[in-house]
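Enquirer: Got a structure for you, questions after.
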Amino acid sequence: MTADLHKANTMSIPPAPPSHPAFPPVATLVPHAAPMLLIDRILNANDDSMTAEVTIQPDSMFCDANDGVPGYVGIEYIAQTVSAYSGWRAQKASASASDAKPKIGYLLGTRKMTLAVDAFKPGDRLEITVKNVFEDGEMGVFDGTVRCHQQVIVSARVNVYQPDT
């Protein structure tokens, strides 16, 4: 991996700006709370996909002072973006956004996961994109990518389950 992909900033890293004004805060879309709420904001969404962002901070969940956040955490960034996509669609379909509480879903597994980095370093701004490939009631399949500086560093096809209850 190129050295410029993981330039560490020894100074304070500014947090990402809030979600794009067209999208609600991530905390209203997913059933997670800090510290397990790992994505920062929604950048874009449509009927078939969503793009979110996280800026790795020295105090980010799973961040080791020497190594950063392990690359395999990328699958959780993808899963939380799928959850945000589901919550956003539920809010759009609801008469009142306050009626559409985020529902719990489960990451069942992944196929074809690839990691191009061992870790994400403080200062890395990651862009997570998920695309709805298949949906059948409570089951779904999504293609997900994590990019840093426009380069795909994690990709996976994830299988998810969200019970109706």
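In the structure tokens, chains take the letters A, B, ... in the order shown, each chain's residues start at 1, and ligands count up from 1 in the order shown.
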I need the residues in chain A that are strand (DSSP E or B) according to DSSP; give them as a VMD selection string.

Expert: chain A and resid 41 to 45 49 to 55 64 68 to 70 106 to 115 119 to 120 125 to 136 139 to 148 151 to 161

Enquirer: Restricting the calculation to only C-alpha atoms, which member of A:Glu138, A:Asp40, A:Asp59, A:Asp143 is positioned closest to Ser86 (chain A)?

Expert: A:Glu138

Enquirer: Using DSSP secondary structure from the backbone, list all helix (DSSP H, G or I) positions within region 7-149 of chain A, as a list in words.

Expert: Val26, Ala27, Thr28, Gly71, Tyr72, Val73, Gly74, Ile75, Glu76, Tyr77, Ile78, Ala79, Gln80, Thr81, Val82, Ser83, Ala84, Tyr85, Ser86, Gly87, Trp88, Arg89, Ala90, Gln91, Lys92, Ala93, Ala97, Ser98 and Asp99 of chain A

Enquirer: Looking at A:Val160, A:Asp47, A:Phe120, A:Val133, which one is nearest to Ala90 (chain A), with distances taken over only C-alpha atoms?

Expert: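 Closest candidate: A:Asp47.
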
Enquirer: Leaving out Ser155 (chain A) and any residue of its chain fewer than 6 positions from it, which residues lie within 8 Å of it when counting only C-alpha atoms, given as a list in words?

Expert: Lys112, Met113, Thr114, Leu115, Asp143, Gly144, Thr145 and Val146 of chain A

Enquirer: Write a file of the selected residues as an mmCIF file, in the first residue's frame, keeping C-alpha atoms.

Expert:
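In the end it all went to out-v9.cif:
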data_model
loop_
_atom_site.group_PDB
_atom_site.id
_atom_site.type_symbol
_atom_site.label_atom_id
_atom_site.label_comp_id
_atom_site.auth_asym_id
_atom_site.auth_seq_id
_atom_site.Cartn_x
_atom_site.Cartn_y
_atom_site.Cartn_z
ATOM 1 C CA LYS A 112 -15.555 -12.263 -1.436
ATOM 2 C CA MET A 113 -14.202 -9.916 1.238
ATOM 3 C CA THR A 114 -10.890 -8.331 0.295
ATOM 4 C CA LEU A 115 -8.615 -6.123 2.392
ATOM 5 C CA ASP A 143 -22.068 -5.035 -2.183
ATOM 6 C CA GLY A 144 -19.949 -2.754 -0.031
ATOM 7 C CA THR A 145 -16.700 -0.867 -0.471
ATOM 8 C CA VAL A 146 -14.520 1.253 1.782
#

Enquirer: Find the residue from A:Phe142, A:Phe134, A:Phe62, A:Phe23 that sits nearest to Gln80 (chain A); use only C-alpha atoms when measuring.

Expert: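 So, comparing all the options, the nearest one is A:Phe142.
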
Enquirer: If we count only C-alpha atoms, what is near Val130 (chain A) at a cut-off of 9 Å, once residues fewer than 6 positions away on the same chain are taken out, given as an mmCIF file with N, CA, C and O atoms, in the first residue's frame?

Expert:
data_model
loop_
_atom_site.group_PDB
_atom_site.id
_atom_site.type_symbol
_atom_site.label_atom_id
_atom_site.label_comp_id
_atom_site.auth_asym_id
_atom_site.auth_seq_id
_atom_site.Cartn_x
_atom_site.Cartn_y
_atom_site.Cartn_z
ATOM 1 N N ASP A 48 -31.310 2.607 -4.272
ATOM 2 C CA ASP A 48 -30.517 1.376 -4.344
ATOM 3 C C ASP A 48 -29.198 1.415 -3.583
ATOM 4 O O ASP A 48 -28.531 0.380 -3.471
ATOM 5 N N SER A 49 -28.781 2.575 -3.082
ATOM 6 C CA SER A 49 -27.446 2.632 -2.476
ATOM 7 C C SER A 49 -27.337 3.784 -1.479
ATOM 8 O O SER A 49 -28.195 4.661 -1.429
ATOM 9 N N MET A 50 -26.249 3.735 -0.719
ATOM 10 C CA MET A 50 -25.948 4.812 0.229
ATOM 11 C C MET A 50 -24.434 4.927 0.348
ATOM 12 O O MET A 50 -23.716 3.921 0.270
ATOM 13 N N THR A 51 -23.979 6.159 0.574
ATOM 14 C CA THR A 51 -22.568 6.413 0.848
ATOM 15 C C THR A 51 -22.469 7.164 2.173
ATOM 16 O O THR A 51 -23.164 8.159 2.381
ATOM 17 N N ALA A 52 -21.614 6.648 3.054
ATOM 18 C CA ALA A 52 -21.387 7.253 4.366
ATOM 19 C C ALA A 52 -19.900 7.546 4.511
ATOM 20 O O ALA A 52 -19.090 7.179 3.647
ATOM 21 N N ILE A 78 -19.243 -1.219 6.735
ATOM 22 C CA ILE A 78 -20.184 -1.585 5.669
ATOM 23 C C ILE A 78 -21.532 -1.962 6.281
ATOM 24 O O ILE A 78 -22.586 -1.491 5.833
ATOM 25 N N ALA A 79 -21.531 -2.799 7.314
ATOM 26 C CA ALA A 79 -22.778 -3.229 7.949
ATOM 27 C C ALA A 79 -23.548 -2.045 8.531
ATOM 28 O O ALA A 79 -24.779 -1.975 8.397
ATOM 29 N N THR A 81 -23.436 1.013 7.471
ATOM 30 C CA THR A 81 -23.973 1.790 6.348
ATOM 31 C C THR A 81 -25.216 1.107 5.785
ATOM 32 O O THR A 81 -26.188 1.781 5.417
ATOM 33 N N VAL A 82 -25.224 -0.218 5.734
ATOM 34 C CA VAL A 82 -26.442 -0.955 5.342
ATOM 35 C C VAL A 82 -27.566 -0.632 6.321
ATOM 36 O O VAL A 82 -28.706 -0.371 5.917
ATOM 37 N N TYR A 85 -28.863 2.796 5.650
ATOM 38 C CA TYR A 85 -29.671 2.747 4.429
ATOM 39 C C TYR A 85 -31.082 2.247 4.756
ATOM 40 O O TYR A 85 -32.079 2.834 4.332
ATOM 41 N N PHE A 142 -25.880 -7.100 -0.056
ATOM 42 C CA PHE A 142 -25.343 -5.802 -0.425
ATOM 43 C C PHE A 142 -23.884 -5.948 -0.832
ATOM 44 O O PHE A 142 -23.139 -6.716 -0.222
ATOM 45 N N ASP A 143 -23.485 -5.187 -1.855
ATOM 46 C CA ASP A 143 -22.068 -5.035 -2.183
ATOM 47 C C ASP A 143 -21.595 -3.784 -1.468
ATOM 48 O O ASP A 143 -22.249 -2.730 -1.537
ATOM 49 N N GLY A 144 -20.469 -3.892 -0.777
ATOM 50 C CA GLY A 144 -19.949 -2.754 -0.031
ATOM 51 C C GLY A 144 -18.483 -2.512 -0.333
ATOM 52 O O GLY A 144 -17.726 -3.456 -0.587
ATOM 53 N N THR A 145 -18.103 -1.243 -0.316
ATOM 54 C CA THR A 145 -16.700 -0.867 -0.471
ATOM 55 C C THR A 145 -16.346 0.192 0.558
ATOM 56 O O THR A 145 -17.201 0.985 0.980
#

Enquirer: When you look at Ala84 (chain A) with a cut-off of 10 Å (counting only C-alpha atoms), what residues show up, excluding the ones that are within fewer than 5 positions of it in the same chain? I need them as number ranges by chain.

Expert: A: 24-31, 39, 41-42, 45, 50-52, 78-79, 89-90, 102-103

Enquirer: Have a look at A:Gln162, A:Asn46, A:Gly123, A:Asp118 and name the one nearest to Gly71 (chain A); count only C-alpha atoms.

Expert: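 With only C-alpha atoms as the atom set, the closest residue is A:Asp118.
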